[in-house]
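Enquirer: This structure is in structure tokens; I'll ask about it shortly.
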Amino acid sequence: MNVIKLRDIRGVGPSIEKKLVSYFGSENLVLNALRGSRIAEISSIDGIGERFALSLCRNLHYQETGEQIQDFLKTEDTILIYNRIIDLVSKFGNTFYSRSKLYLYFPLPITALNKIKNRQEITRLGQELFTIVQGSKNALVEYDSYLRQLLPLKEHSESIDTASRAVATTDKGIYNELLSNIIGKYCEILFIEDYEKINDTLAGLDEIIWIGSDYILDDEFPNIITVSESQRHEVNRILPEKSLIFFAQNKNTLITISKLALLLREIPSEKLKNFIGDLDLNMLVNMGKELTNLEETGEPSSRLNKDFSRLLKVETTFEMVLEEVLLKLNDELEKKLQDTTIHLEGEKILALLKGFSTEGQGYSTSSSREDLREYLDDELFLAVEEIINRAEIELAAKLNLSDEETDYLNGVFPRELKFPIDPQDDIKNRFIEFIRKKRSSKAFELKVDLAQKLKGYERVAIEGLNCMLELDYLLMIGKFAGTYKLSLPSFLEGRGTGLFFKEGKNLFLAHQELRGQIKLDPVSYAIGEIGKITDGVDGERIVLLSGANSGGKTTLLVAIAVIVILSQMGLPVPCYEAKIGGFKELHYYRKSTDHMNAGAFESTLRTLSQMIMSPNSRLVLADEMESISEPGASARVIAAFLDLLGRSPDSVGIFVTHLAQEISKYTKEGLRIDGIEAKGLSENLDLIVDRTPKYYKYAKSTPELIVQRLQHISKGAEKEIYTYILETFDS
């Protein structure tokens with residue numbers, strides 16, 4: 001491996017480098033993360049999304065190993081097949097991570113066999129995990145549900161709202177120390193010199209952190225939190241949000257990780273380590289329990305503490321409850337006044353009228369009310385006062401206030417004969433401020449406690465996410481293998497080139513078979529030195545595949561390409577059994593639908609020449625290349641290329657053609673002609689074909705069967721045409 005520096009990776013500039021190193025701690029740790037394809041963790045960094053993280057991993061891989069997809073897949077047609085495979089496999093993944101990682105598992109040349117075998121071990125793990133999970137009722141559904149909820153973790157936010165918090169001390173040394181460290185970055189630091197002005201200094205704050213115990217504040221401050229001098233270095237004691245923000249903004253993902261950890265604990269312990277390594281599942285489960293006490297806003301949950309829940313409810317419902325009690329109070333007061341009969345002498349009435357009529361001319365409303373009280377019975381005033389007292393008691397009861405809190409609310413309804421009664425704004429506002437400070441202080445204490453409890457969970461949370469994403473990749477491979485009943489191929493080192501497979505299927509048609517759209521016949525085939533496994537086969541490396549139209553020749557060619565690509569990706573293949581010698585290159589050429597012009601013919605010759613000149617072992621799959629020219633010339637050109645390909649001792653080729661006999665006349669090197677035979681038409685007039693090729697058997701394309709089918713299903717003049725054509729086959 002060629003070790004390179006972070007700045008050498010394509011896409012990494014000064015800004016990205018700084019972010020990566022700042023997050024991981026060192027350049028080596030960044031490189032290890034990139035080599036490990038830790039896409040989720042990398043993409044959590046501000047300014048680095050998932051796709052950019054994936055590209056960085058790919059770029060580093062190429063720059064260190066020199067490996068790229070074009071090393072093995074040498075034609076556009078092979079890359080198209082590879083992309084179709086990726087699309088099919090990735091549908092079984094739940095996360096962007098697993099689907100992205102699959103793109104890093106492109107097929108490798110056989111020279112990287114050790115790496116391919118390492119991938120096979122990962123595939124085996126995936127198959128084992130899928131078997132275990134599938135064997136537990138509804139477990140796979142639960143895993144998929146949780147895995148789909150995983151998101152990249154957001155890094156620590158620098159945005160912490162501490163505007164209403166201050167740290168106060170009477171020690172000048174501590175004051176200077178706090179100013180210069182992280183506490184001073186987020187909180188106002190107060191040096192208390194004049195105790196007489198302390199109330200004014202602290203009055204507007206919701207949270208006051210008092211460092212030391214050298215001064216006792218009076219009861220006017222329900223929001224004092226005392227921190228000893230020895231604890232002042234513990235950031236969580238003063239800035240619990242610094243720790244909690246990570247857990248709050250990632251709460252949903254972290255709880256999902258915790259739920260997955262709970263599921264994983266059901267896997268037998270002797271197997272579990274294979275999937276999770278040294279990850280502490282118990283810590284993750286406990287983390288999830290603690291996180292239920294934290295809101296996504298970073299505030300403690302109201303369920304965490306009864307007193308905090310009560311204070312929060314008082315703060316949020318006070319105005320509504322006040323209005324409700326006030327409405328009832330005024331209703332009772334109105335009824336009481338309506339039911340009261342007042343008897344006044346003429347002189348008293350005259351005096352009262354004079355008093356009310358001169359309001360604004362030296363008489364105040366209050367003085368008028370005092371005059372009114374002088375002339376009314378005390379019993380009425382006592383009754384009104386009792387109604388008001390009962391209202392305040394009811395208000396305190398509905399809000400579930402403590403005695404201290406009730407004291408702050410006393411007098412909120414004025415004890416005077418007035419209708420309607422309105423609350424005293426100064427008392428109401430003083431009460432609201434008191435409750436807010438008390439609730440804020442309690443919330444702070446709970447946040448400190450939560451921050452202390454969650455201390456140490458951040459690293460395991462990150463490890464947990466990385467592990468769960470790896471599990472999604474394993475399950476993706478396992479589900480893919482299990483759904484299509486795939487098996488891992490064997491690489492036969494030192495046994496020569498070629499391949500052998502038994503009961504293989506075209507993966508893309510198998511996909512349709514799963515949906516009930518078609519029924520596939522499995523096919524077995526062998527070529528090259530490995531092909532000698534099959535009785536009666538001499539190990540020829542160049543084969544001409546002949547046979548019936550619509551008999552499955554192209555399907556077989558694609559199936560072989562898929563088997564080889566999957567094998568050299570380290571993934572299982574759609575066969576009951578497969579053995580492969582492995583190749584350095586794969587060339588696949590699709591059938592051309594049009595006859596080539598001179599320019600296209602020249603381009604094709606150049607492409608084939610480049611393929612022939614390669615010194616590497618290769619598998620060449622070509623589908624009806626006779627369209628490069630007229631039949632006679634095509635047979636000669638193809639024969640020449642087959643001869644040249646045959647001279648490369650490690651190369652293998654399968655050529656689908658309708659010119660097998662003509663081509664064989666012009667070849668000098670030994671080749672094999674195999675055939676897919678059509679046996680006739682079924683009762684439904686479908687072509688009956690033995691899809692497995694016959695070795696050393698030339699099979700006609702049997703166009704007469706197709707004509708015969710058309711003759712059977714046609715009528716009238718069209719039927720006569722097909723009848724006449726059939727007669728020409730018999731002549």
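Lettering and numbering for the structure tokens are positional, with chains as A, B, ... in the shown order, residues counted from 1 in each chain, and ligands counted from 1 in the shown order.
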How would you write, as a list in words, the set of residues in stretch 145-361 of chain A that DSSP gives as strand (DSSP E)?

Expert: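 Going through stretch 145-361 of chain A, the strand (DSSP E) residues come out as Arg165, Ala166, Val167, Ala168, Thr169, Glu188, Ile189, Leu190, Phe191, Glu207, Ile208, Ile209, Trp210, Ile211, Ile224, Ile225, Thr226 and Val227 of chain A.
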
Enquirer: Since we have the selection now, will you write its residues out, keeping N, CA and C atoms, as a PDB file, in the first residue's frame?

Expert:
```
ATOM      1  N   ARG A 165     -27.673  32.981  31.805  1.00  0.00           N
ATOM      2  CA  ARG A 165     -26.879  32.307  32.834  1.00  0.00           C
ATOM      3  C   ARG A 165     -25.603  33.089  33.091  1.00  0.00           C
ATOM      4  N   ALA A 166     -25.207  33.133  34.356  1.00  0.00           N
ATOM      5  CA  ALA A 166     -23.939  33.778  34.701  1.00  0.00           C
ATOM      6  C   ALA A 166     -23.251  32.961  35.785  1.00  0.00           C
ATOM      7  N   VAL A 167     -21.933  33.054  35.770  1.00  0.00           N
ATOM      8  CA  VAL A 167     -21.135  32.404  36.812  1.00  0.00           C
ATOM      9  C   VAL A 167     -20.588  33.516  37.694  1.00  0.00           C
ATOM     10  N   ALA A 168     -20.827  33.408  38.992  1.00  0.00           N
ATOM     11  CA  ALA A 168     -20.411  34.460  39.919  1.00  0.00           C
ATOM     12  C   ALA A 168     -19.431  33.908  40.947  1.00  0.00           C
ATOM     13  N   THR A 169     -18.473  34.727  41.318  1.00  0.00           N
ATOM     14  CA  THR A 169     -17.505  34.343  42.338  1.00  0.00           C
ATOM     15  C   THR A 169     -16.975  35.591  43.034  1.00  0.00           C
ATOM     16  N   GLU A 188     -21.511  34.629  30.983  1.00  0.00           N
ATOM     17  CA  GLU A 188     -21.040  35.871  31.588  1.00  0.00           C
ATOM     18  C   GLU A 188     -20.384  35.522  32.922  1.00  0.00           C
ATOM     19  N   ILE A 189     -19.200  36.046  33.175  1.00  0.00           N
ATOM     20  CA  ILE A 189     -18.487  35.788  34.421  1.00  0.00           C
ATOM     21  C   ILE A 189     -18.553  37.052  35.265  1.00  0.00           C
ATOM     22  N   LEU A 190     -19.046  36.915  36.493  1.00  0.00           N
ATOM     23  CA  LEU A 190     -19.238  38.069  37.376  1.00  0.00           C
ATOM     24  C   LEU A 190     -18.300  37.981  38.579  1.00  0.00           C
ATOM     25  N   PHE A 191     -17.588  39.070  38.821  1.00  0.00           N
ATOM     26  CA  PHE A 191     -16.755  39.157  40.016  1.00  0.00           C
ATOM     27  C   PHE A 191     -17.500  40.020  41.032  1.00  0.00           C
ATOM     28  N   GLU A 207     -30.375  31.726  35.692  1.00  0.00           N
ATOM     29  CA  GLU A 207     -29.512  30.703  36.286  1.00  0.00           C
ATOM     30  C   GLU A 207     -28.227  31.366  36.791  1.00  0.00           C
ATOM     31  N   ILE A 208     -27.956  31.183  38.069  1.00  0.00           N
ATOM     32  CA  ILE A 208     -26.757  31.773  38.671  1.00  0.00           C
ATOM     33  C   ILE A 208     -25.902  30.645  39.232  1.00  0.00           C
ATOM     34  N   ILE A 209     -24.722  30.467  38.677  1.00  0.00           N
ATOM     35  CA  ILE A 209     -23.790  29.456  39.170  1.00  0.00           C
ATOM     36  C   ILE A 209     -22.837  30.153  40.133  1.00  0.00           C
ATOM     37  N   TRP A 210     -22.925  29.787  41.393  1.00  0.00           N
ATOM     38  CA  TRP A 210     -22.090  30.431  42.406  1.00  0.00           C
ATOM     39  C   TRP A 210     -20.910  29.529  42.723  1.00  0.00           C
ATOM     40  N   ILE A 211     -19.693  30.022  42.443  1.00  0.00           N
ATOM     41  CA  ILE A 211     -18.481  29.246  42.705  1.00  0.00           C
ATOM     42  C   ILE A 211     -17.992  29.561  44.116  1.00  0.00           C
ATOM     43  N   ILE A 224     -30.232  29.857  42.483  1.00  0.00           N
ATOM     44  CA  ILE A 224     -28.806  29.753  42.763  1.00  0.00           C
ATOM     45  C   ILE A 224     -28.382  28.291  42.722  1.00  0.00           C
ATOM     46  N   ILE A 225     -27.334  28.003  41.969  1.00  0.00           N
ATOM     47  CA  ILE A 225     -26.752  26.664  41.948  1.00  0.00           C
ATOM     48  C   ILE A 225     -25.310  26.806  42.435  1.00  0.00           C
ATOM     49  N   THR A 226     -25.003  26.167  43.535  1.00  0.00           N
ATOM     50  CA  THR A 226     -23.667  26.284  44.116  1.00  0.00           C
ATOM     51  C   THR A 226     -22.755  25.185  43.586  1.00  0.00           C
ATOM     52  N   VAL A 227     -21.584  25.576  43.134  1.00  0.00           N
ATOM     53  CA  VAL A 227     -20.549  24.645  42.664  1.00  0.00           C
ATOM     54  C   VAL A 227     -19.305  24.889  43.500  1.00  0.00           C
TER      55      VAL A 227
END
```

Enquirer: Report as a short mmCIF file (atom, residue, chain, number, x, y, z; two decimals) with N, CA and C atoms, in the first residue's frame all protein, DNA and RNA residues lying within 7 Å of A:Ser524, evaluated on only C-alpha atoms, omitting residues in the same chain fewer than 4 positions from it.

Expert:
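File written: part-v1.cif
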```cif
data_model
loop_
_atom_site.label_atom_id
_atom_site.label_comp_id
_atom_site.auth_asym_id
_atom_site.auth_seq_id
_atom_site.Cartn_x
_atom_site.Cartn_y
_atom_site.Cartn_z
N PHE A 501 -19.86 -24.22 -13.59
CA PHE A 501 -20.97 -23.99 -12.67
C PHE A 501 -22.08 -25.00 -12.93
N LYS A 502 -22.80 -25.28 -11.85
CA LYS A 502 -23.86 -26.28 -11.90
C LYS A 502 -25.17 -25.63 -11.47
N GLU A 503 -26.20 -25.87 -12.26
CA GLU A 503 -27.54 -25.34 -11.98
C GLU A 503 -27.51 -23.82 -11.75
N GLY A 504 -26.97 -23.15 -12.73
CA GLY A 504 -26.90 -21.70 -12.66
C GLY A 504 -28.12 -21.05 -13.30
N THR A 692 -29.48 -26.11 -21.34
CA THR A 692 -28.08 -26.44 -21.08
C THR A 692 -27.40 -26.84 -22.38
#
```

Enquirer: Which one of A:Ala443, A:Ala396, A:Ile39, A:Ala248 sits closest to A:Phe96 if you count only C-alpha atoms?

Expert: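 Ranked by minimum distance to A:Phe96, first place goes to A:Ile39.
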
Enquirer: Run DSSP on the backbone of this structure and report the residues of stretch 323-537 of chain A it assigns to alpha helix (DSSP H), as an MDAnalysis selection string.

Expert: chainID A and resid 323:338 346:357 365:375 378:399 403:409 425:454 457:484 507:514

Enquirer: Could you check which of A:Pro107, A:Gly126, A:Pro14, A:Gly632 is closest to A:Met476, using only C-alpha atoms?

Expert: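 Counting only C-alpha atoms, the residue closest to A:Met476 is A:Gly126.
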
Enquirer: Please measure the separation of atom CA of A:Gly478 and atom CA of A:Thr123, giving the value in Å to one decimal.

Expert: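 Answer for the atom CA of A:Gly478 to atom CA of A:Thr123 separation: 7.1 Å.
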
Enquirer: Rank A:Phe381, A:Phe275, A:Pro109, A:Leu326 by their smallest atom-to-atom distance to A:Glu416, using only C-alpha atoms, and report the top residue only.

Expert: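 Once distances to A:Glu416 are computed over only C-alpha atoms, the minimum belongs to A:Phe381.
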
Enquirer: So that I can see what lies close to A:Lys336, please list as number ranges by chain the residues with an atom at most 12 Å from it, counting only C-alpha atoms and leaving out residues fewer than 6 positions away in the same chain.

Expert: A: 329-330, 379-387, 417, 419

Enquirer: Using only C-alpha atoms, which residue out of A:Leu499, A:Ser614, A:Ala640, A:Ser609 lies closest to A:Ile654?

Expert: A:Leu499

Enquirer: Which residues come within 9 Å of A:Met468, counting only C-alpha atoms, excluding same-chain residues fewer than 4 positions away, as number ranges by chain?

Expert: A: 147, 150, 257, 260-261, 276, 463-464, 472-473

Enquirer: Take the residues that were just selected and, keeping C-alpha atoms, output them as a compact mmCIF listing (two decimals), in the first residue's frame.

Expert:
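As written to disk, part-v1.txt reads:
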```txt
# COMPACT_ATOMS: atom_id res chain seq x y z
CA LEU A 147 -31.85 0.30 10.26
CA LEU A 150 -30.27 5.44 11.07
CA ILE A 257 -29.02 2.21 17.93
CA LEU A 260 -30.81 -2.52 17.71
CA ALA A 261 -28.43 -3.33 20.56
CA ILE A 276 -20.06 -6.70 16.75
CA GLU A 463 -18.86 2.98 17.59
CA GLY A 464 -22.43 1.73 17.81
CA ASP A 472 -26.87 -3.36 7.53
CA TYR A 473 -24.24 -4.14 4.90
```

Enquirer: Write out as number ranges by chain each polymer residue whose atoms come within 7 Å of stretch 299-309 of chain A, counting only C-alpha atoms; drop sequence neighbours fewer than 4 positions from it.

Expert: A: 293-295, 313, 439, 442-443, 446-447

Enquirer: Just the selected residues (C-alpha atoms), exported as a PDB file, in the first residue's frame, please.

Expert:
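This is the output file out_22.pdb:
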```pdb
ATOM      1  CA  ASN A 293     -35.111  11.673  29.821  1.00  0.00           C
ATOM      2  CA  LEU A 294     -33.730  14.168  27.315  1.00  0.00           C
ATOM      3  CA  GLU A 295     -35.724  16.182  24.776  1.00  0.00           C
ATOM      4  CA  LYS A 313     -46.868  22.835  34.129  1.00  0.00           C
ATOM      5  CA  ARG A 439     -38.090  25.957  36.906  1.00  0.00           C
ATOM      6  CA  LYS A 442     -34.369  22.845  38.460  1.00  0.00           C
ATOM      7  CA  ALA A 443     -33.897  22.183  34.746  1.00  0.00           C
ATOM      8  CA  LEU A 446     -31.379  17.919  35.931  1.00  0.00           C
ATOM      9  CA  LYS A 447     -29.223  18.715  32.898  1.00  0.00           C
TER      10      LYS A 447
END
```

Enquirer: Can you pull out the residues contacting A:Val460? Cut-off 12 Å, using only C-alpha atoms, and skip same-chain residues under 4 positions away; I want them as a short mmCIF file (atom, residue, chain, number, x, y, z; two decimals) with N, CA and C atoms, in the first residue's frame.

Expert:
```
data_model
loop_
_atom_site.label_atom_id
_atom_site.label_comp_id
_atom_site.auth_asym_id
_atom_site.auth_seq_id
_atom_site.Cartn_x
_atom_site.Cartn_y
_atom_site.Cartn_z
N LEU A 254 -29.71 7.70 18.05
CA LEU A 254 -29.07 7.02 19.18
C LEU A 254 -30.04 6.07 19.88
N ILE A 257 -30.20 3.05 17.70
CA ILE A 257 -29.02 2.21 17.93
C ILE A 257 -29.22 1.37 19.20
N SER A 258 -29.79 2.00 20.22
CA SER A 258 -30.05 1.29 21.47
C SER A 258 -31.04 0.14 21.26
N ALA A 261 -29.28 -2.63 19.59
CA ALA A 261 -28.43 -3.33 20.56
C ALA A 261 -29.25 -4.33 21.37
N ASP A 278 -15.92 -5.94 19.87
CA ASP A 278 -15.90 -5.62 21.30
C ASP A 278 -16.94 -4.56 21.69
N LEU A 279 -17.87 -4.27 20.81
CA LEU A 279 -18.88 -3.26 21.11
C LEU A 279 -19.68 -3.64 22.36
N ASP A 280 -19.85 -2.68 23.27
CA ASP A 280 -20.57 -2.92 24.53
C ASP A 280 -22.06 -2.65 24.31
N LEU A 281 -22.81 -3.72 24.08
CA LEU A 281 -24.25 -3.57 23.83
C LEU A 281 -24.98 -3.08 25.07
N ASN A 282 -24.54 -3.48 26.25
CA ASN A 282 -25.20 -3.06 27.48
C ASN A 282 -25.12 -1.54 27.65
N MET A 283 -23.96 -0.98 27.30
CA MET A 283 -23.83 0.48 27.38
C MET A 283 -24.80 1.16 26.43
N LEU A 284 -24.95 0.61 25.25
CA LEU A 284 -25.87 1.21 24.26
C LEU A 284 -27.32 1.13 24.75
N VAL A 285 -27.66 0.01 25.34
CA VAL A 285 -29.03 -0.14 25.87
C VAL A 285 -29.27 0.85 27.00
N ASN A 286 -28.29 0.98 27.90
CA ASN A 286 -28.42 1.94 29.01
C ASN A 286 -28.48 3.37 28.50
N MET A 287 -27.69 3.65 27.46
CA MET A 287 -27.72 4.98 26.86
C MET A 287 -29.13 5.32 26.37
N GLY A 288 -29.77 4.35 25.73
CA GLY A 288 -31.13 4.57 25.24
C GLY A 288 -32.10 4.88 26.36
N LEU A 454 -24.56 10.62 31.12
CA LEU A 454 -24.25 10.31 29.72
C LEU A 454 -22.76 10.44 29.42
N LYS A 455 -22.01 10.90 30.40
CA LYS A 455 -20.56 11.05 30.23
C LYS A 455 -19.95 9.70 29.86
N GLY A 456 -19.18 9.66 28.79
CA GLY A 456 -18.55 8.41 28.37
C GLY A 456 -19.34 7.63 27.34
N GLY A 464 -21.18 2.45 18.03
CA GLY A 464 -22.43 1.73 17.81
C GLY A 464 -23.02 2.00 16.45
N LEU A 465 -23.02 3.26 16.03
CA LEU A 465 -23.55 3.58 14.71
C LEU A 465 -22.74 2.90 13.63
N ASN A 466 -21.41 2.99 13.73
CA ASN A 466 -20.56 2.34 12.72
C ASN A 466 -20.84 0.84 12.65
N CYS A 467 -21.01 0.22 13.81
CA CYS A 467 -21.28 -1.21 13.86
C CYS A 467 -22.63 -1.53 13.23
N MET A 468 -23.66 -0.75 13.56
CA MET A 468 -25.00 -1.02 13.02
C MET A 468 -25.04 -0.83 11.51
#
```

Enquirer: A:Gly93, A:Gly36, A:Gly66, A:Gly516: which is nearest A:Leu54, counting only C-alpha atoms?

Expert: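 For A:Leu54, the nearest of the candidates is A:Gly36.
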
Enquirer: Check the smallest atom-to-atom distance from each of A:Glu290, A:Leu469, A:Asp46, A:Thr723 to A:Arg99 using only C-alpha atoms, then report the winner.

Expert: A:Leu469

Enquirer: Please compute the atom CA of A:Asn59-atom CA of A:Leu20 distance, one decimal, in Å.

Expert: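 Pair atom CA of A:Asn59 / atom CA of A:Leu20 returns 15.5 Å.
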
Enquirer: Against stretch 557-566 of chain A, which residues of stretch 629-710 of chain A fall within 12 Å? For each one I want the closest pair of atoms and the distance in Å (one decimal), counting only C-alpha atoms, rows by chain and increasing residue number, as a tab-separated table.

Expert:
```
residue	atom	partner	partner_atom	distance
A:Gly653	CA	A:Leu557	CA	10.6
A:Ile654	CA	A:Leu557	CA	7.8
A:Phe655	CA	A:Leu557	CA	8.7
A:Val656	CA	A:Leu557	CA	8.0
A:Thr657	CA	A:Leu557	CA	11.7
A:Arg691	CA	A:Leu557	CA	12.0
A:Thr692	CA	A:Leu557	CA	12.0
A:Pro693	CA	A:Leu557	CA	11.5
```
